[in-house]
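S.K.: You'll find query.txt just under this line, and it carries compact mmCIF, C-alpha atoms and all ligand atoms.
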```txt
# COMPACT_ATOMS: atom_id res chain seq x y z
CA MET A 23 25.65 -8.97 20.38
CA PHE A 24 22.73 -6.83 21.55
CA ASN A 25 22.56 -4.27 24.28
CA VAL A 26 21.92 -6.49 27.27
CA GLN A 27 20.71 -3.60 29.38
CA THR A 28 17.70 -3.19 27.20
CA TYR A 29 17.14 -6.57 25.68
CA SER A 30 17.60 -10.15 26.71
CA GLY A 31 16.56 -11.77 23.42
CA LEU A 32 14.10 -14.53 22.73
CA ASN A 33 14.02 -17.45 25.15
CA ARG A 34 13.42 -21.06 24.15
CA ALA A 35 9.69 -20.49 23.99
CA GLY A 36 10.24 -17.59 21.61
CA ARG A 37 9.28 -15.06 24.30
CA ALA A 38 11.04 -11.79 24.88
CA THR A 39 11.88 -9.90 28.00
CA ILE A 40 12.55 -6.28 27.35
CA LEU A 41 13.85 -4.80 30.54
CA ASN A 42 14.13 -1.19 29.57
CA PRO A 43 11.33 0.80 28.01
CA ALA A 44 13.79 2.93 26.00
CA MET A 45 14.14 0.74 22.96
CA LYS A 46 15.73 0.90 19.58
CA ILE A 47 12.98 -0.12 17.17
CA VAL A 48 13.37 -1.00 13.51
CA SER A 49 10.09 -0.51 11.62
CA VAL A 50 9.76 -2.30 8.29
CA VAL A 51 7.43 -0.98 5.58
CA GLY A 52 7.36 -1.46 1.83
CA ALA A 53 3.86 -1.35 0.32
CA ARG A 54 1.23 1.40 0.02
CA PRO A 55 -1.02 0.38 2.93
CA GLN A 56 2.01 0.06 5.20
CA PHE A 57 3.05 3.66 4.65
CA ILE A 58 -0.46 4.71 5.68
CA LYS A 59 -0.49 2.43 8.74
CA ALA A 60 3.02 3.39 9.81
CA ALA A 61 2.45 7.16 9.58
CA PRO A 62 0.48 7.57 12.83
CA VAL A 63 2.47 4.88 14.65
CA CYS A 64 5.80 6.52 13.71
CA ARG A 65 4.41 9.80 14.97
CA ALA A 66 3.22 8.28 18.26
CA ILE A 67 6.50 6.44 18.85
CA ARG A 68 8.53 9.55 18.19
CA ALA A 69 6.17 11.69 20.32
CA SER A 70 6.62 9.31 23.25
CA GLY A 71 10.24 10.48 23.36
CA SER A 72 11.43 7.20 24.86
CA HIS A 73 12.37 5.14 21.82
CA THR A 74 14.66 5.48 18.85
CA GLU A 75 13.00 4.42 15.61
CA ILE A 76 14.85 3.37 12.47
CA LEU A 77 12.61 3.20 9.39
CA VAL A 78 13.31 0.59 6.71
CA HIS A 79 11.59 0.77 3.29
CA THR A 80 11.96 -2.53 1.47
CA GLY A 81 11.17 -0.98 -1.91
CA GLN A 82 8.33 -3.43 -2.61
CA HIS A 83 6.35 -0.46 -3.95
CA TYR A 84 8.45 2.09 -5.78
CA ASP A 85 6.34 4.12 -8.26
CA ALA A 86 6.02 7.70 -7.01
CA ALA A 87 2.23 7.25 -6.85
CA MET A 88 2.61 4.06 -4.78
CA SER A 89 5.28 5.30 -2.38
CA ASP A 90 6.72 8.86 -2.41
CA VAL A 91 3.32 10.55 -2.37
CA PHE A 92 2.49 8.95 1.00
CA PHE A 93 5.79 9.99 2.59
CA GLU A 94 5.17 13.55 1.41
CA GLU A 95 1.49 13.80 2.32
CA LEU A 96 1.62 11.97 5.63
CA GLY A 97 4.84 13.51 6.90
CA ILE A 98 6.53 10.13 7.33
CA PRO A 99 10.24 10.57 8.03
CA ALA A 100 12.52 9.61 5.14
CA PRO A 101 13.54 5.96 5.45
CA ASP A 102 16.87 5.42 7.18
CA HIS A 103 17.42 2.42 4.90
CA HIS A 104 15.87 2.00 1.45
CA LEU A 105 16.48 -1.56 0.28
CA GLY A 106 15.29 -1.08 -3.30
CA VAL A 107 14.09 -4.68 -3.61
CA GLY A 108 11.35 -3.96 -6.17
CA SER A 109 9.00 -6.44 -7.82
CA GLY A 110 9.42 -10.15 -8.42
CA PRO A 111 7.91 -13.56 -7.81
CA HIS A 112 7.13 -14.29 -4.17
CA GLY A 113 10.24 -16.32 -3.38
CA ALA A 114 12.68 -13.99 -5.10
CA GLN A 115 11.07 -10.84 -3.70
CA THR A 116 10.68 -12.14 -0.14
CA GLY A 117 14.14 -13.73 -0.20
CA ALA A 118 15.80 -10.53 -1.38
CA MET A 119 14.03 -8.60 1.38
CA LEU A 120 15.00 -11.17 4.01
CA ALA A 121 18.69 -10.94 3.11
CA ALA A 122 18.65 -7.14 2.92
CA ILE A 123 16.70 -6.67 6.18
CA GLU A 124 19.04 -9.08 7.94
CA ARG A 125 22.01 -6.92 6.95
CA VAL A 126 20.27 -3.84 8.37
CA LEU A 127 19.42 -5.62 11.62
CA LEU A 128 22.97 -6.86 12.06
CA ASP A 129 24.15 -3.32 11.58
CA GLU A 130 21.50 -1.52 13.66
CA ARG A 131 21.11 -4.15 16.43
CA PRO A 132 17.60 -3.12 17.47
CA ASP A 133 15.66 -4.34 20.49
CA LEU A 134 12.48 -4.90 18.50
CA VAL A 135 11.30 -5.09 14.89
CA LEU A 136 7.86 -3.66 14.09
CA VAL A 137 5.98 -4.99 11.05
CA TYR A 138 2.60 -4.08 9.60
CA GLY A 139 -0.20 -5.95 7.88
CA ASP A 140 0.24 -8.90 5.56
CA THR A 141 2.53 -8.19 2.63
CA ASN A 142 5.76 -9.89 1.65
CA SER A 143 7.55 -7.01 3.43
CA THR A 144 5.72 -8.03 6.64
CA LEU A 145 6.80 -11.64 6.31
CA ALA A 146 10.42 -10.76 5.51
CA GLY A 147 10.67 -8.25 8.37
CA ALA A 148 9.26 -10.66 10.96
CA LEU A 149 11.35 -13.63 9.80
CA ALA A 150 14.58 -11.68 9.52
CA ALA A 151 14.09 -10.44 13.09
CA VAL A 152 13.28 -13.69 14.83
CA LYS A 153 16.00 -15.62 12.98
CA LEU A 154 18.44 -13.23 14.66
CA GLY A 155 16.71 -13.66 18.03
CA ILE A 156 15.18 -10.18 17.89
CA PRO A 157 11.52 -10.01 18.99
CA ALA A 158 9.00 -8.97 16.36
CA ALA A 159 5.85 -6.94 16.97
CA HIS A 160 3.00 -7.25 14.47
CA VAL A 161 0.55 -4.41 13.90
CA GLU A 162 -2.77 -5.71 12.52
CA ALA A 163 -2.28 -9.15 14.02
CA GLY A 164 -4.88 -11.92 14.06
CA LEU A 165 -6.69 -11.11 10.81
CA ARG A 166 -7.78 -14.19 8.92
CA SER A 167 -9.58 -14.82 5.64
CA PHE A 168 -9.26 -18.60 6.20
CA ASN A 169 -8.24 -18.79 2.54
CA ARG A 170 -4.72 -20.14 2.27
CA CYS A 171 -4.68 -19.47 -1.49
CA MET A 172 -4.14 -15.80 -0.63
CA PRO A 173 -0.47 -14.84 -0.30
CA GLU A 174 -1.52 -12.40 2.41
CA GLU A 175 -3.02 -15.19 4.54
CA ILE A 176 0.31 -17.05 4.54
CA ASN A 177 2.15 -13.85 5.40
CA ARG A 178 -0.08 -12.95 8.32
CA VAL A 179 -0.23 -16.47 9.76
CA VAL A 180 3.58 -16.76 9.74
CA ALA A 181 4.09 -13.21 11.04
CA ASP A 182 1.66 -13.85 13.90
CA HIS A 183 3.22 -17.16 14.85
CA VAL A 184 6.74 -15.73 15.14
CA SER A 185 5.82 -12.41 16.77
CA SER A 186 6.20 -11.74 20.48
CA LEU A 187 3.86 -8.77 20.49
CA LEU A 188 0.60 -8.87 18.59
CA PHE A 189 -1.43 -5.72 18.18
CA CYS A 190 -4.98 -6.65 17.14
CA PRO A 191 -7.51 -4.22 15.68
CA ALA A 192 -10.49 -6.00 17.26
CA ARG A 193 -11.52 -8.73 19.70
CA GLY A 194 -12.28 -11.11 16.81
CA ALA A 195 -8.64 -10.97 15.69
CA ALA A 196 -7.47 -11.87 19.20
CA ASP A 197 -9.98 -14.75 19.21
CA ASN A 198 -8.50 -16.00 15.91
CA LEU A 199 -5.06 -15.98 17.53
CA ALA A 200 -6.35 -17.81 20.62
CA ARG A 201 -7.78 -20.54 18.38
CA GLU A 202 -4.25 -20.97 17.00
CA GLY A 203 -2.78 -21.14 20.50
CA ILE A 204 -1.40 -17.59 20.59
CA THR A 205 -2.43 -15.82 23.78
CA ARG A 206 0.74 -14.21 25.16
CA GLY A 207 1.72 -10.73 24.04
CA VAL A 208 -1.71 -10.18 22.44
CA HIS A 209 -3.20 -6.69 22.83
CA VAL A 210 -6.47 -5.48 21.32
CA VAL A 211 -5.49 -1.88 20.59
CA GLY A 212 -7.86 -0.88 17.77
CA ASP A 213 -6.93 -0.05 14.21
CA VAL A 214 -4.13 2.35 13.36
CA MET A 215 -5.82 3.12 10.03
CA ALA A 216 -8.51 4.97 12.01
CA ASP A 217 -5.76 7.30 13.25
CA ALA A 218 -4.43 7.77 9.73
CA LEU A 219 -7.93 8.56 8.51
CA ALA A 220 -8.70 10.96 11.35
CA GLU A 221 -5.46 12.84 10.75
CA ALA A 222 -5.94 13.02 6.99
CA SER A 223 -9.69 13.68 6.84
CA GLU A 224 -9.55 17.31 7.84
CA ARG A 225 -6.57 17.99 5.63
CA ALA A 226 -8.27 16.21 2.71
CA ALA A 227 -11.22 18.57 3.05
CA GLY A 228 -8.92 21.58 2.69
CA ARG A 229 -6.37 20.27 0.25
CA SER A 230 -7.92 17.77 -2.11
CA ALA A 231 -9.43 19.18 -5.29
CA VAL A 232 -9.90 15.72 -6.71
CA LEU A 233 -13.65 15.98 -7.32
CA SER A 234 -13.40 19.12 -9.43
CA ARG A 235 -10.31 17.77 -11.20
CA LEU A 236 -12.20 14.64 -12.23
CA GLY A 237 -15.48 16.47 -12.90
CA LEU A 238 -17.42 14.61 -10.19
CA ARG A 239 -20.39 15.63 -8.06
CA PRO A 240 -20.52 14.40 -4.44
CA GLY A 241 -22.81 11.39 -4.10
CA ALA A 242 -23.16 10.99 -7.87
CA PHE A 243 -20.42 8.47 -8.60
CA LEU A 244 -19.04 5.11 -7.47
CA LEU A 245 -15.42 4.50 -6.49
CA ALA A 246 -13.75 1.22 -7.47
CA THR A 247 -10.37 -0.38 -6.78
CA ILE A 248 -9.08 -3.88 -7.51
CA HIS A 249 -5.62 -5.31 -7.03
CA ARG A 250 -5.87 -8.74 -5.32
CA ALA A 251 -3.95 -11.45 -7.12
CA GLU A 252 -7.09 -13.64 -7.13
CA ASN A 253 -8.85 -10.95 -9.21
CA THR A 254 -6.04 -9.55 -11.36
CA ASP A 255 -4.25 -12.80 -12.22
CA ASP A 256 -7.44 -14.57 -13.30
CA ALA A 257 -8.56 -13.20 -16.67
CA SER A 258 -12.12 -14.42 -16.26
CA ARG A 259 -12.55 -12.80 -12.84
CA LEU A 260 -10.94 -9.53 -13.96
CA GLY A 261 -13.03 -9.57 -17.13
CA ALA A 262 -16.19 -10.19 -15.08
CA VAL A 263 -15.48 -7.23 -12.78
CA ILE A 264 -14.92 -4.90 -15.74
CA GLU A 265 -18.07 -6.24 -17.40
CA ALA A 266 -19.98 -5.42 -14.20
CA PHE A 267 -18.54 -1.88 -14.18
CA GLY A 268 -19.81 -1.40 -17.73
CA ARG A 269 -23.32 -2.53 -16.78
CA ILE A 270 -23.63 -0.09 -13.86
CA PRO A 271 -25.56 2.99 -15.04
CA GLU A 272 -23.50 5.44 -12.96
CA PRO A 273 -20.07 7.07 -13.31
CA ILE A 274 -17.28 4.99 -11.75
CA VAL A 275 -13.89 6.38 -10.77
CA PHE A 276 -11.30 3.64 -10.91
CA PRO A 277 -7.78 4.42 -9.59
CA VAL A 278 -5.82 1.58 -11.15
CA HIS A 279 -3.11 -0.26 -9.18
CA PRO A 280 -0.03 -0.99 -11.35
CA ARG A 281 -0.61 -4.73 -11.06
CA THR A 282 -4.15 -4.25 -12.38
CA ARG A 283 -3.01 -1.92 -15.15
CA ARG A 284 -0.67 -4.61 -16.41
CA ALA A 285 -3.38 -7.28 -16.22
CA LEU A 286 -5.91 -5.05 -18.00
CA ALA A 287 -3.40 -4.36 -20.77
CA GLY A 288 -3.20 -8.14 -21.23
CA LEU A 289 -6.97 -8.17 -21.81
CA GLY A 290 -6.80 -5.31 -24.33
CA ASN A 291 -7.82 -2.60 -21.85
CA PRO A 292 -11.58 -3.27 -21.81
CA GLN A 293 -12.11 -0.45 -19.30
CA GLU A 294 -11.19 2.09 -21.99
CA ARG A 295 -14.29 1.14 -23.98
CA LEU A 296 -16.65 1.91 -21.08
CA PRO A 297 -17.94 5.50 -21.18
CA ASN A 298 -19.05 5.47 -17.52
CA VAL A 299 -15.64 4.33 -16.23
CA LYS A 300 -12.92 6.87 -15.51
CA ALA A 301 -9.71 4.87 -15.02
CA VAL A 302 -7.00 7.01 -13.42
CA GLU A 303 -3.52 6.50 -12.00
CA PRO A 304 -3.37 5.54 -8.31
CA VAL A 305 -4.16 8.67 -6.29
CA GLY A 306 -2.52 10.03 -3.14
CA TYR A 307 -4.08 9.40 0.25
CA LEU A 308 -5.74 12.81 0.60
CA ASP A 309 -7.36 12.49 -2.83
CA MET A 310 -8.40 8.93 -2.00
CA ILE A 311 -10.11 10.04 1.19
CA GLY A 312 -11.76 12.86 -0.78
CA LEU A 313 -13.08 10.32 -3.31
CA GLU A 314 -14.18 7.81 -0.67
CA LYS A 315 -16.09 10.44 1.33
CA SER A 316 -18.11 11.53 -1.69
CA ALA A 317 -18.74 8.19 -3.38
CA ARG A 318 -22.28 6.77 -3.33
CA ILE A 319 -20.90 3.25 -3.06
CA ILE A 320 -17.37 1.83 -2.94
CA LEU A 321 -16.54 -1.35 -4.88
CA THR A 322 -13.24 -2.86 -3.78
CA ASP A 323 -11.11 -5.88 -2.99
CA SER A 324 -8.83 -3.77 -0.78
CA GLY A 325 -8.66 -4.46 2.94
CA GLY A 326 -7.95 -0.90 4.02
CA ILE A 327 -10.64 0.61 1.84
CA GLN A 328 -13.36 -1.62 3.33
CA LYS A 329 -12.60 -0.12 6.74
CA GLU A 330 -12.33 3.44 5.46
CA ALA A 331 -15.71 3.05 3.75
CA TYR A 332 -17.18 1.97 7.08
CA TRP A 333 -15.65 4.80 9.09
CA LEU A 334 -16.78 7.33 6.49
CA GLY A 335 -20.31 5.90 6.34
CA VAL A 336 -20.13 4.85 2.69
CA PRO A 337 -21.70 1.52 1.67
CA CYS A 338 -19.07 -0.98 0.49
CA LEU A 339 -19.33 -3.96 -1.85
CA THR A 340 -16.38 -6.32 -1.52
CA LEU A 341 -15.34 -7.97 -4.77
CA ARG A 342 -14.03 -11.14 -3.15
CA GLY A 343 -15.30 -14.46 -1.87
CA GLU A 344 -14.62 -13.56 1.76
CA THR A 345 -13.24 -10.78 3.93
CA GLU A 346 -11.07 -10.48 7.01
CA TRP A 347 -13.03 -7.40 8.07
CA VAL A 348 -16.09 -9.40 9.09
CA GLU A 349 -17.24 -6.76 11.59
CA THR A 350 -18.08 -4.36 8.75
CA VAL A 351 -20.23 -7.08 7.14
CA GLU A 352 -21.91 -7.94 10.46
CA ALA A 353 -22.72 -4.25 10.92
CA GLY A 354 -24.52 -4.34 7.55
CA TRP A 355 -22.34 -1.73 5.80
CA ASN A 356 -20.21 -4.12 3.73
CA LYS A 357 -21.45 -6.92 1.50
CA VAL A 358 -19.20 -9.62 0.05
CA VAL A 359 -20.42 -9.91 -3.53
CA GLY A 360 -17.63 -11.78 -5.34
CA THR A 361 -17.01 -11.06 -9.01
CA ASP A 362 -20.16 -12.31 -10.75
CA PRO A 363 -21.41 -9.34 -12.85
CA GLU A 364 -25.07 -10.02 -12.07
CA SER A 365 -24.43 -10.06 -8.30
CA ILE A 366 -22.38 -6.86 -8.48
CA VAL A 367 -24.92 -4.97 -10.58
CA ARG A 368 -27.82 -6.10 -8.37
CA ALA A 369 -25.97 -5.13 -5.19
CA VAL A 370 -25.15 -1.68 -6.59
CA ARG A 371 -28.85 -1.21 -7.27
CA GLU A 372 -30.25 -2.70 -4.06
CA PHE A 373 -27.69 -2.55 -1.23
CA ARG A 374 -28.89 -0.34 1.61
CA PRO A 375 -26.99 -0.33 4.90
CA PRO A 376 -28.89 0.16 8.16
CA ALA A 377 -29.30 3.59 9.76
CA VAL A 378 -27.01 2.70 12.66
CA ARG A 379 -23.26 2.37 12.33
CA PRO A 380 -21.66 1.35 15.64
CA GLU A 381 -18.05 2.28 16.27
CA LEU A 382 -15.72 -0.47 15.06
CA TYR A 383 -12.04 -1.12 15.62
CA GLY A 384 -11.77 1.11 18.66
CA GLY A 385 -11.94 4.50 16.96
CA PRO A 386 -8.83 6.67 16.85
CA GLY A 387 -6.09 6.08 19.45
CA ALA A 388 -4.58 2.72 18.44
CA SER A 389 -1.22 4.27 17.55
CA ALA A 390 -0.87 5.94 20.94
CA ARG A 391 -1.89 2.68 22.64
CA ILE A 392 0.83 0.84 20.71
CA ALA A 393 3.44 3.45 21.61
CA ALA A 394 2.38 3.25 25.27
CA LEU A 395 2.59 -0.55 25.30
CA LEU A 396 6.02 -0.44 23.70
CA GLY A 397 7.06 1.95 26.43
CA SER A 398 5.69 -0.01 29.33
CA GLY A 399 8.68 -2.34 29.76
CA LEU A 400 7.60 -5.59 28.19
CA ASN A 401 7.82 -9.04 29.61
CA ILE A 402 6.12 -11.11 26.97
C1 LIG B 1 0.99 -6.03 -2.43
C2 LIG B 1 0.64 -7.00 -1.33
C3 LIG B 1 -0.84 -6.94 -1.03
C4 LIG B 1 -1.30 -5.51 -0.77
C5 LIG B 1 -0.86 -4.62 -1.91
C6 LIG B 1 -1.19 -3.19 -1.56
C7 LIG B 1 2.03 -9.02 -1.26
C8 LIG B 1 2.11 -10.45 -1.57
N1 LIG B 1 0.96 -8.37 -1.71
O1 LIG B 1 0.34 -6.49 -3.60
O2 LIG B 1 -1.12 -7.70 0.13
O3 LIG B 1 -2.69 -5.49 -0.63
O4 LIG B 1 0.55 -4.73 -2.10
O5 LIG B 1 -1.25 -2.38 -2.67
O6 LIG B 1 2.90 -8.50 -0.60
N2 LIG B 1 4.15 -2.65 -9.43
C9 LIG B 1 4.54 -1.52 -10.08
N3 LIG B 1 4.97 -0.47 -9.34
C10 LIG B 1 5.01 -0.49 -7.99
C11 LIG B 1 4.61 -1.65 -7.33
C12 LIG B 1 4.18 -2.74 -8.06
O7 LIG B 1 4.52 -1.44 -11.31
O8 LIG B 1 5.40 0.52 -7.36
C13 LIG B 1 3.63 -3.79 -10.25
C14 LIG B 1 4.71 -4.77 -10.68
O9 LIG B 1 4.37 -5.23 -11.96
C15 LIG B 1 4.54 -5.89 -9.67
C16 LIG B 1 3.06 -5.88 -9.40
O10 LIG B 1 2.68 -4.52 -9.47
O11 LIG B 1 5.00 -7.12 -10.17
C17 LIG B 1 2.66 -6.46 -8.05
O12 LIG B 1 3.35 -5.78 -7.00
P1 LIG B 1 3.63 -6.54 -5.60
O13 LIG B 1 4.25 -5.60 -4.65
O14 LIG B 1 4.33 -7.82 -5.84
O15 LIG B 1 2.20 -6.95 -5.12
P2 LIG B 1 0.89 -6.07 -5.03
O16 LIG B 1 -0.09 -6.60 -6.00
O17 LIG B 1 1.23 -4.64 -5.08
N1 LIG B 2 -5.22 4.17 -1.45
C1 LIG B 2 -4.73 5.37 -1.95
N2 LIG B 2 -4.77 5.58 -3.29
C2 LIG B 2 -5.27 4.68 -4.17
C3 LIG B 2 -5.78 3.46 -3.65
C4 LIG B 2 -5.71 3.23 -2.29
O1 LIG B 2 -4.28 6.22 -1.18
O2 LIG B 2 -5.28 4.95 -5.38
C5 LIG B 2 -5.16 3.92 0.00
C6 LIG B 2 -6.49 3.58 0.63
O3 LIG B 2 -7.20 4.76 0.98
C7 LIG B 2 -6.09 2.76 1.83
C8 LIG B 2 -4.86 2.02 1.33
O4 LIG B 2 -4.38 2.77 0.21
O5 LIG B 2 -5.69 3.59 2.91
C9 LIG B 2 -5.22 0.64 0.92
O6 LIG B 2 -4.17 0.06 0.22
P1 LIG B 2 -4.36 -1.11 -0.82
O7 LIG B 2 -5.76 -1.16 -1.28
O8 LIG B 2 -3.28 -0.97 -1.82
O9 LIG B 2 -3.98 -2.40 0.04
P2 LIG B 2 -4.76 -3.31 1.09
O10 LIG B 2 -5.39 -2.47 2.11
O11 LIG B 2 -5.74 -4.14 0.33
O12 LIG B 2 -3.69 -4.19 1.63
```
What is this structure when it is put down as structure tokens?

M.R.:
Amino acid sequence: MFNVQTYSGLNRAGRATILNPAMKIVSVVGARPQFIKAAPVCRAIRASGSHTEILVHTGQHYDAAMSDVFFEELGIPAPDHHLGVGSGPHGAQTGAMLAAIERVLLDERPDLVLVYGDTNSTLAGALAAVKLGIPAAHVEAGLRSFNRCMPEEINRVVADHVSSLLFCPARGAADNLAREGITRGVHVVGDVMADALAEASERAAGRSAVLSRLGLRPGAFLLATIHRAENTDDASRLGAVIEAFGRIPEPIVFPVHPRTRRALAGLGNPQERLPNVKAVEPVGYLDMIGLEKSARIILTDSGGIQKEAYWLGVPCLTLRGETEWVETVEAGWNKVVGTDPESIVRAVREFRPPAVRPELYGGPGASARIAALLGSGLNI
């Protein structure tokens, strides 16, 4: 069924032997952070000249501000297959993706499927691949919140356990995998989001007029995002976060994820009654980097934004009970504050990171390391 010169499939232990470094790779993306992660990896794979890459967009995110803007700004090639799956409950959404990705894989017959992060698109891509005997490679492997109530935790645990190649952003992620018995095919390559940030930072400086558009002065506002199910789908937690925003005596820019917009509407849009809060549509990546760079503090439950805050040297308060990005907390630049208004307001007033900020997650270069590993002729 597959090209035996390049690929011998998964063996009984679920291991792959890829005999030829010139592979056909199907990359599966579908949600906002995956477009950002895939951009530098796509570029590195294509620059290597050895592989053919087929890009699949599941359609998990579909609003222009959640999808198209990233393809345009980051120069990601147009998807070869757009599955148009859209929103839905976990089972329906993941199931629809699984069936649609399977059809693509049967048609394209790739040597490897590359998945990113921890969304339902990640889970569907990895499962569809291995069920057909195609090895999966997971970018951002080994992250753990140790909270199985999070849909993302289920997605990343399953993706890691079925993947043949696991690209970890840091040593701690590889240690998490080792504790679960996964040691083969594990590579600590650094974080591809550092590449995305490095590539976009300079362009953001030249192109983003977001501060003047929103009437903001550098260093004189806070930036906030929330979208985690645990915060949006729980009215008391969402209400508490908005209450905290209202009690902070500083301007807050709040790009609102569509999931959060819907949840806020259900609460009667309390953010609209807060004069210090500027709720806006989700912004493009260059504008987001422009906002992050100039914020005094970032308040977020986003994974990617915690890291960007660290790399940009902006203090971060994480509006969750735990984080996967423990290194940023250990370095003293990120504090997990939960959603209690008093804790949030106090942290905004008192949080001071240390003067030093050691390099975390390998600095730029993870995408090139991934492309090089893919090209090295894998026996995993
Ligand atoms: C998903 C991921 C989450 C990731 C986030 C990044 C899962 C389980 N969750 O969460 O890990 O951090 O993306 O942003 O995969 N919606 C729109 N327009 C869109 C997309 C979504 O209106 O373009 C609305 C729909 O009402 C939808 C809801 O947002 O039901 C949630 O979208 P979904 O993709 O299911 O999960 P996210 O919350 O975006
Ligand atoms: N982001 C963006 N515009 C926004 C909010 C976020 O470009 O309005 C970027 C952000 O800079 C980061 C990524 O989206 O690179 C994070 O995605 P998100 O918070 O949706 O998901 P998570 O990282 O939590 O999975």

S.K.: Can you tell me which residues surround Gly97 in chain A at a distance of at most 10 Å, considering all atoms listed in the file, apart from same-chain residues fewer than 2 positions away, and format the answer as a PyMOL selection string?

M.R.: chain A and resi 61-62+64-65+91-95+99-100

S.K.: Counting only C-alpha atoms and all ligand atoms, give me one row per residue of chain A with an atom at most 9 Å from an atom of ligand LIG 1 (chain B), showing the shortest contact pair and its distance in Å to one decimal, sorted by chain then residue number, as CSV.

M.R.:
```
residue,atom,partner,partner_atom,distance
A:Gly52,CA,B:LIG1,O13,8.3
A:Ala53,CA,B:LIG1,O4,5.3
A:Arg54,CA,B:LIG1,O5,5.3
A:Pro55,CA,B:LIG1,C6,5.7
A:Gln56,CA,B:LIG1,C6,8.2
A:Gly81,CA,B:LIG1,O8,8.1
A:Gln82,CA,B:LIG1,O13,5.1
A:His83,CA,B:LIG1,O8,3.7
A:Tyr84,CA,B:LIG1,O8,3.8
A:Asp85,CA,B:LIG1,O8,3.8
A:Ala86,CA,B:LIG1,O8,7.2
A:Ala87,CA,B:LIG1,O8,7.5
A:Met88,CA,B:LIG1,O8,5.2
A:Ser89,CA,B:LIG1,O8,6.9
A:Gly108,CA,B:LIG1,C11,7.2
A:Ser109,CA,B:LIG1,O11,4.7
A:Gly110,CA,B:LIG1,O11,5.6
A:Pro111,CA,B:LIG1,O14,7.0
A:His112,CA,B:LIG1,C8,6.8
A:Gln115,CA,B:LIG1,O14,7.7
A:Thr116,CA,B:LIG1,O6,8.6
A:Gly139,CA,B:LIG1,O2,8.0
A:Asp140,CA,B:LIG1,O2,5.7
A:Thr141,CA,B:LIG1,O6,3.3
A:Asn142,CA,B:LIG1,O6,3.9
A:Ser143,CA,B:LIG1,O6,6.3
A:Thr144,CA,B:LIG1,O6,7.8
A:Leu145,CA,B:LIG1,O6,8.5
A:Met172,CA,B:LIG1,C8,8.3
A:Pro173,CA,B:LIG1,C8,5.2
A:Glu174,CA,B:LIG1,O2,5.2
A:Glu175,CA,B:LIG1,O2,8.9
A:Asn177,CA,B:LIG1,C8,7.8
A:His249,CA,B:LIG1,O16,5.8
A:Arg250,CA,B:LIG1,O16,6.2
A:Ala251,CA,B:LIG1,O16,6.3
A:Thr254,CA,B:LIG1,O16,8.5
A:His279,CA,B:LIG1,O5,7.1
A:Pro280,CA,B:LIG1,O7,4.6
A:Arg281,CA,B:LIG1,O10,3.7
A:Thr282,CA,B:LIG1,O10,7.4
A:Arg283,CA,B:LIG1,O10,8.4
A:Arg284,CA,B:LIG1,O9,6.8
A:Asp323,CA,B:LIG1,O3,8.8
A:Ser324,CA,B:LIG1,O3,6.4
A:Gly325,CA,B:LIG1,O3,7.0
A:Gly326,CA,B:LIG1,O3,8.4
```

S.K.: Pick out the residues sitting within 12 Å of range 220-225 of chain A, and hand them over as a PyMOL selection string; count only C-alpha atoms, and ignore anything fewer than 2 positions along from it in its own chain.

M.R.: chain A and resi 58-59+61-63+65+92+95-97+213-218+227-231+306-315+330+333-334+385-389

S.K.: Determine the nearest neighbour of Ile67 in chain A from the options A:Val107, A:Val232, A:Leu321, A:Leu136, counting only C-alpha atoms.

M.R.: A:Leu136

S.K.: Any idea what's packed within 9 Å of range 186-196 of chain A, counting only C-alpha atoms, ignoring anything in its chain fewer than 3 positions away? Could you give it as an NGL selection string?

M.R.: :A and (32 or 36-38 or 157-166 or 182-183 or 199-201 or 204-214 or 348-349 or 382-384 or 388 or 392 or 402)

S.K.: What's the separation between CA of Met45 in chain A and CA of Arg125 in chain A, in Å to one decimal place?

M.R.: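 Those two atoms sit 19.4 Å apart.
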
S.K.: Ranking A:Gly155, A:Gly237, A:Pro304, A:Pro132 by minimum distance to ligand LIG 2 (chain B) and counting all atoms listed in the file, which one comes first?

M.R.: A:Pro304

S.K.: Find the residues near Glu130 in chain A: any atom within 10 Å, counting all atoms listed in the file, skip ones fewer than 2 places away on the same chain, and give them as a list in words.

M.R.: Phe24, Lys46, Ile47, Val48, Ile76, Glu124, Arg125, Val126, Leu127, Leu128, Pro132 and Asp133 of chain A

S.K.: My list of candidates is A:Thr361, A:Thr345, A:Thr350, A:Ser258. Which is closest to ligand LIG 2 (chain B) when distances are computed with all atoms listed in the file?

M.R.: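 Using all atoms listed in the file, the shortest distance to ligand LIG 2 (chain B) belongs to A:Thr345.
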
S.K.: Between atom O12 of ligand LIG 2 (chain B) and CA of Val278 in chain A, what is the distance in Å, rounded to a tenth?

M.R.: 14.2 Å

S.K.: With distances taken over only C-alpha atoms and all ligand atoms, which of A:Leu154, A:Ala285, A:Ala121, A:Ala301 is nearest to ligand LIG 2 (chain B)?

M.R.: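 The closest residue to ligand LIG 2 (chain B) is A:Ala301.
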
S.K.: Record the distance separating CA of Asn198 in chain A and atom O1 of ligand LIG 2 (chain B), expressed in Å with one decimal.

M.R.: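 Distance between the two atoms: 28.3 Å.
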
S.K.: Padding 6 Å on every side, please: axis-aligned box over the listed atoms of ligand LIG 2 (chain B), centre and edge lengths to one decimal in Å, as JSON.

M.R.:
```
{"center_x": -5.2, "center_y": 1.0, "center_z": -1.2, "size_x": 15.9, "size_y": 22.4, "size_z": 20.3}
```

S.K.: Which of these, A:Val263, A:Ile123, A:Val358, A:Leu341, has the shortest distance to ligand LIG 2 (chain B) once you count all atoms listed in the file?

M.R.: A:Leu341
